[in-house]
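A.B. asks: This is the structure, below, for whatever I ask next.
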Protein chains: 2
Amino acid sequence: MKKRIDGLKRRMEEKGFDVALLMYPRDVYYYAGTAQPCNLLVTLKEEPILFARRAWDFVQEEATLEDIRPGGSLKEIKKILHSFGVKGGVIGMEEDVLPARLYSKTAEFFEDFRCENISPLIMDQRMIKDLEEIELVKKSAGLFSHIHEVILNNLRPGITEVELATLIWVANRREGHEGLTAHRRWDGYLPGDGIVASGDNMWKISGYAMTVTGVGKSKALPWGSSDRVIQKGDLVMVDIAPSYQGYHGDIARTYVVGQADDRQKEVFGSLLKIMESVLSHIRAGIPVKELYHLAVKIAEEEGYGDYLQGYGSQKGEYIGHGLGLEVDEPPVVGPHADMLLQENMVLAIEPKIIIPQWGAVDLEDTLLVTKEGCEIFSPIDKQLFEV
Amino acid sequence: MKKRIDGLKRRMEEKGFDVALLMYPRDVYYYAGTAQPCNLLVTLKEEPILFARRAWDFVQEEATLEDIRPGGSLKEIKKILHSFGVKGGVIGMEEDVLPARLYSKTAEFFEDFRCENISPLIMDQRMIKDLEEIELVKKSAGLFSHIHEVILNNLRPGITEVELATLIWVANRREGHEGLTAHRRWDGYLPGDGIVASGDNMWKISGYAMTVTGVGKSKALPWGSSDRVIQKGDLVMVDIAPSYQGYHGDIARTYVVGQADDRQKEVFGSLLKIMESVLSHIRAGIPVKELYHLAVKIAEEEGYGDYLQGYGSQKGEYIGHGLGLEVDEPPVVGPHADMLLQENMVLAIEPKIIIPQWGAVDLEDTLLVTKEGCEIFSPIDKQLFEV
C-alpha cells in the first residue's frame, strides 16, 4: 500500500493539495486495506495516519498502514496537523460522495484551510490497476461462467425474471460474490441480484442508467428483475456485476427462449460487429473517445445508429466505463473522454441496440487494456444464445 | 399525496422555509409517487411541480402530482420561483444525503437564497405512517414467515452462512422482497441478503452498525454472512429487512443448531424478559427514551447490563429505531430521544445480548405504536428455536 500512498502524495503535490482527509470506505480500503469506518489523514511529508472511528479490533487486524489509532475526531486531526506544522492550505475531501452536512461541518471546523474535491485525483490513480487488483477483477468476471450455466439450465418459458435472478444469485454468492455491487453515486438503487430483463421490459429504460435496466418489482424500486413471466420467443438479457474481495466484473449476455427469429439474428449480428470492432481497436495509446465514435460509426453503417445505447431522449452517450472497487469508475468511454487508453486500465465495454416496441440485444465484456490490445476476462462466447 | 404535500408545507411554514427542493429518490417517492430521478419543487403558496430529470415515460405513468414536467435544470427552477414572486428566503435541501458537490453547486446557483437542511422536517413527517404505509410495512414484515420456514428446513450442521442467506433470498424475493434494504446513509454497505451470523461471528461487531453484524466474505465488505460452516451447537442469528413496494420490515430471530445448552437458554431467557418488558411498555404518549432505560434496567437486573447491545467500546446506545421507506428512520429509541411515542409510528425493537468469546442472542420485532399499546407485525414466536 506504500506505493499507493506515494502515488496519492505525488498527485496531491502536483495539484496543490496539502492534506487529504479521506472518509469514504472504498477509498480508504484502496489506500489502507480496511473498509471499516475510518478517517485517513495523508499529508505531503509525514507518514499517513489511519483513525478507526469504530471497530478497532477489525482495523488492527486488517489495516496495511503502520500508524493506526482508534478515534479520529476532527479536533484530534487538527491537533496533529498543527504538530506537523500544517496550519493552513488546501484540504482534499471526497466531495462527490460525502454528504453535504458532514462535509460542511468538516469544512467549518477547518476554517483556516480551503477544502477542495480530491476525488478526481483518487479516481485518476485508481483508474490504473496494479497486478493484485487485476487478478481480483479477473476472478470476479470469471464468476459469469457459473451465471451462464445457471441461465442455460433454468431459462425456460414460465420462469419469472426474479426467479431466474435469484437462482443466479445463489450460484454467484456460493462461488464468491460478496453480495454488493458498489456504485459511486448517491441515487443508484439496484436490487442485489442485478438485472434480468425480458420481452417488453428490454426496451423500457428506467431512470438510473442509460442501458437495459429492467423495471423492477414495483415503482418504488424501478430497476432490476420483475415478476414478468418469460415466454417462448422472448429476448432475455442478464447484466450482472459481482464483486470478489472488493473488485467488480461487469458482464452481460443476451439469450433467446427457443430459436432466434431472423430479425433477432440480424440485430444481434450488427451488435456483434460493433462489439468486435471496438474490442479489436483497443490498445494503450488510443484516445478513449475513439472507441465510442467507432461504435457509433459501425452502428450507423448497420442501420442502427438511432438505437445504439437507447433511443430518443433515453439515449446514452457512452459505450463503456472503468471499474474496480466500484462498478462505475473513470473513464466513461464516451465522446467527452479527454484521455488516452492506458496499460492496466480495466474497462467494461457494453454496446447495446435498444429498439422501442421491439426489444434489445446487449453484450458486455470486462477487459484489461494492454500495450498491444486487450485481454478479455469474460469467460463465455459472444453469441445470441438459444436456450 | 396531497395530504403529504400539505403536511410538508405546514412544517416548512413553521420552521421558516420558503422553498423545498427535493432530489433524494426516497423522499420524492413519498411525496410524488415515483422513485425515478426527479427534482420536486415545493413552495408555500403554489402547487408543487415535479421535474423528471430522466425517464419521462415512467414519471408520467407513476407520479401522483398534477404538475409534472420533463427537465428540471436549476435555471428553469429559478425562473419558476421568480415567476412565483419567490426571489429569496430559505431553500430546504436534503443535506444529510445529497453529495457535497451537488449541494454546493446548487447552493451557489441560488445565491440569493439561504440553504438549510430540510431532512429533519421530512423525517419528522415520515415518522408517522398513514394507513397505506402501515399495510405495506405489515406485508413486508410478514415475509419473515417464509424466511423462518427456510431456516427451519435448511439450517443444519455443514451449511455455510452464505448458503443459508441465499436460500432465504430466494424465498424472500419470490414472496415479494424488492431486493434492496434502503439505508439513509452514505457508508452503510450491506450485502443484499442481509445478516446471517453464527458461532464466533456472533460477537464480532463490525463497523457499520452496533449490532450482530456478521463479518462478510472478505474484509472488503465486512458485514453480512460469511463462508463459515455452521456447526452443531452453534447459535445462529438471522436479521433481515426486506422491502415490499418500498416499505421495510426488520426482524431478527436466534436459532440453535441442535439442543440449546443451559447457558444459551438462560441468556435467551433474560433477553426475552427485556423484550417483553419493552413491548408491554409501548403505547402512544410514553417518552421514547423510557423504552431504552427500561431495557437497560432489566438487563442489569438479569446480570447482563455490560452486554446489552454489545460490549466495551462496541456498545450501542439504542434499543430500536423507526423504519418505513428506509430501514433507519427516526426515532432512534435511545437515551437521547427527546420525544414521545406517537400513534402510527412504526418501530423495530431489537434488544440483543452480545458476550465476547461466547456468542449472542437477538430478537427483533417490527410493530405499530397504537393508543393503547402496540400491534406486532412479526409473524413468528419469540423463542430460541432449536433446529
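Here's how to read the names in the C-alpha cells: chain A, B, ... by the order shown, residue numbers from 1 in each chain, ligand numbers from 1 in the order shown.
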Please report, as CSV, each residue of chain A lying at most 6 Å from chain B, together with the nearest pair of atoms and the separation in Å rounded to one decimal; use only C-alpha atoms, and order rows by chain and ascending residue number.
C.D. replies:
```
residue,atom,partner,partner_atom,distance
A:Ala35,CA,B:Ala220,CA,5.6
A:Gln36,CA,B:Gly207,CA,5.3
A:Pro37,CA,B:Gly207,CA,5.9
A:Arg54,CA,B:Gly207,CA,5.5
A:Ala55,CA,B:Gly207,CA,4.8
A:Glu95,CA,B:Ala100,CA,5.0
A:Asp96,CA,B:Arg101,CA,5.5
A:Val97,CA,B:Pro99,CA,5.2
A:Leu98,CA,B:Pro99,CA,5.4
A:Pro99,CA,B:Pro99,CA,4.5
A:Ala100,CA,B:Ala100,CA,3.9
A:Arg101,CA,B:Glu95,CA,5.2
A:Thr166,CA,B:Val170,CA,5.3
A:Val170,CA,B:Thr166,CA,5.3
A:Glu178,CA,B:Lys217,CA,6.0
A:Gly179,CA,B:Pro191,CA,4.4
A:Leu180,CA,B:Pro191,CA,5.1
A:Pro191,CA,B:Gly179,CA,4.5
A:Gly192,CA,B:Gly192,CA,4.8
A:Ser206,CA,B:Ala55,CA,5.6
A:Gly207,CA,B:Ala55,CA,4.7
A:Lys217,CA,B:Glu178,CA,5.9
A:Ser218,CA,B:Gln245,CA,5.7
A:Ala220,CA,B:Gly246,CA,4.8
A:Gln245,CA,B:Ala220,CA,5.6
A:Gly246,CA,B:Ala220,CA,4.8
```
A.B. asks: Excluding Arg253 in chain A and residues on its chain fewer than 4 positions from it, collect all residues at most 10 Å away from it, counting only C-alpha atoms, and give them as a list in words.
C.D. replies: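 Here the qualifying residues turn out to be Phe144, His148, Val236, Met237, Val238, Asp239, Ile240, Glu350, Val361, Asp362, Leu363, Glu364, Asp365, Ile380, Asp381, Lys382, Gln383, Leu384 and Phe385 of chain A.
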A.B. asks: Need to verify the contact set: range 77-89 of chain A, 7 Å, only C-alpha atoms, exclusion of same-chain residues closer than 3 positions in sequence. Can you return it as a list in words?
C.D. replies: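 Here the answer would be Asp18, Gly72, Ser73, Leu74, Asp112, Phe113 and Arg114 of chain A.
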A.B. asks: Would you export the selected residues with C-alpha atoms as a PDB file, in the first residue's frame, please?
C.D. replies:
```pdb
ATOM      1  CA  ASP A  18      -1.566  19.974   1.379  1.00  0.00           C
ATOM      2  CA  GLY A  72     -10.225  10.303  14.673  1.00  0.00           C
ATOM      3  CA  SER A  73     -12.258  13.286  15.822  1.00  0.00           C
ATOM      4  CA  LEU A  74     -11.775  16.467  13.801  1.00  0.00           C
ATOM      5  CA  ASP A 112      -8.097  28.077   8.262  1.00  0.00           C
ATOM      6  CA  PHE A 113      -7.924  25.686   5.336  1.00  0.00           C
ATOM      7  CA  ARG A 114      -9.585  25.691   1.943  1.00  0.00           C
TER       8      ARG A 114
END
```
A.B. asks: Taking only range 84-287 of chain B into account, list the residues labelled alpha helix (DSSP H) by DSSP (computed from the backbone), as a PyMOL selection string.
C.D. replies: chain B and resi 100-109+119-126+131-142+144-154+161-175+262-281
A.B. asks: Give me, as a list in words, the residues of range 167-304 of chain B that a backbone DSSP run labels strand (DSSP E or B).
C.D. replies: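 Taking range 167-304 of chain B and keeping strand (DSSP E or B) gives Ile195, Val196, Ala197, Ser198, Val229, Leu235, Val236, Met237, Val238, Asp239, Ile240, Ser243, Tyr244, Tyr247, His248, Ile251, Ala252, Arg253, Thr254, Tyr255, Val256 and Pro287 of chain B.
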A.B. asks: So which one's closest to Asp27 in chain A, A:Ile282, A:Met1, A:Cys115, A:Met123? Using only C-alpha atoms, please.
C.D. replies: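 Looking at the shortest contact to Asp27 in chain A, the residue is A:Met123.
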A.B. asks: Could you tell me how far CA of Lys273 in chain B sits from CA of Gly142 in chain B, in Å to one decimal place?
C.D. replies: 23.7 Å
A.B. asks: Report the distance between CA of Ser378 in chain B and CA of Thr366 in chain B in Å, rounded to one decimal place.
C.D. replies: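 Value for the CA of Ser378 in chain B-CA of Thr366 in chain B distance: 5.9 Å.
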A.B. asks: Neighbours of range 339-346 of chain B within 6 Å (only C-alpha atoms; same-chain residues fewer than 4 positions away dropped), as an MDAnalysis selection string?
C.D. replies: chainID B and resid 127:129 284:288 322 367:371
A.B. asks: CA of Ser145 in chain A and CA of Pro351 in chain A are how many Å apart?
C.D. replies: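 If I compute the distance from CA of Ser145 in chain A to CA of Pro351 in chain A, I get 20.3 Å.
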A.B. asks: Near Gly320 in chain B, counting only C-alpha atoms, which residues have an atom at most 9 Å away, once you skip same-chain residues fewer than 3 positions from it, shown as a PDB file with C-alpha atoms, in the first residue's frame?
C.D. replies:
```pdb
ATOM      1  CA  LEU B 291     -38.050   2.121  26.410  1.00  0.00           C
ATOM      2  CA  TYR B 292     -34.281   2.269  26.315  1.00  0.00           C
ATOM      3  CA  PRO B 331     -36.696   7.943  16.149  1.00  0.00           C
ATOM      4  CA  VAL B 332     -33.592   6.225  17.423  1.00  0.00           C
ATOM      5  CA  VAL B 333     -35.006   4.505  20.501  1.00  0.00           C
ATOM      6  CA  GLY B 334     -32.202   5.520  22.821  1.00  0.00           C
ATOM      7  CA  LEU B 347     -40.699   0.785  15.141  1.00  0.00           C
ATOM      8  CA  ALA B 348     -38.230  -2.067  15.130  1.00  0.00           C
ATOM      9  CA  ILE B 349     -37.392  -3.067  18.697  1.00  0.00           C
ATOM     10  CA  GLU B 350     -34.210  -5.120  18.832  1.00  0.00           C
ATOM     11  CA  PRO B 351     -32.589  -5.980  22.136  1.00  0.00           C
ATOM     12  CA  GLU B 364     -36.175  -8.011  16.686  1.00  0.00           C
TER      13      GLU B 364
END
```
A.B. asks: What's around Val19 in chain B at 7 Å? Count only C-alpha atoms, leave out sequence neighbours fewer than 6 positions away in its own chain, and write the answer as a list in words.
C.D. replies: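 The contact residues come out as Val42, Thr43, Leu44, Val90, Ile91 and Gly92 of chain B.
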A.B. asks: With C-alpha atoms retained, export the selected residues as an mmCIF file, in the first residue's frame.
C.D. replies:
```cif
data_model
loop_
_atom_site.group_PDB
_atom_site.id
_atom_site.type_symbol
_atom_site.label_atom_id
_atom_site.label_comp_id
_atom_site.auth_asym_id
_atom_site.auth_seq_id
_atom_site.Cartn_x
_atom_site.Cartn_y
_atom_site.Cartn_z
ATOM 1 C CA VAL B 42 -42.480 22.816 -3.216
ATOM 2 C CA THR B 43 -43.318 26.405 -2.309
ATOM 3 C CA LEU B 44 -45.658 27.618 0.384
ATOM 4 C CA VAL B 90 -34.721 29.847 2.736
ATOM 5 C CA ILE B 91 -34.400 26.850 0.399
ATOM 6 C CA GLY B 92 -34.563 23.477 2.057
#
```
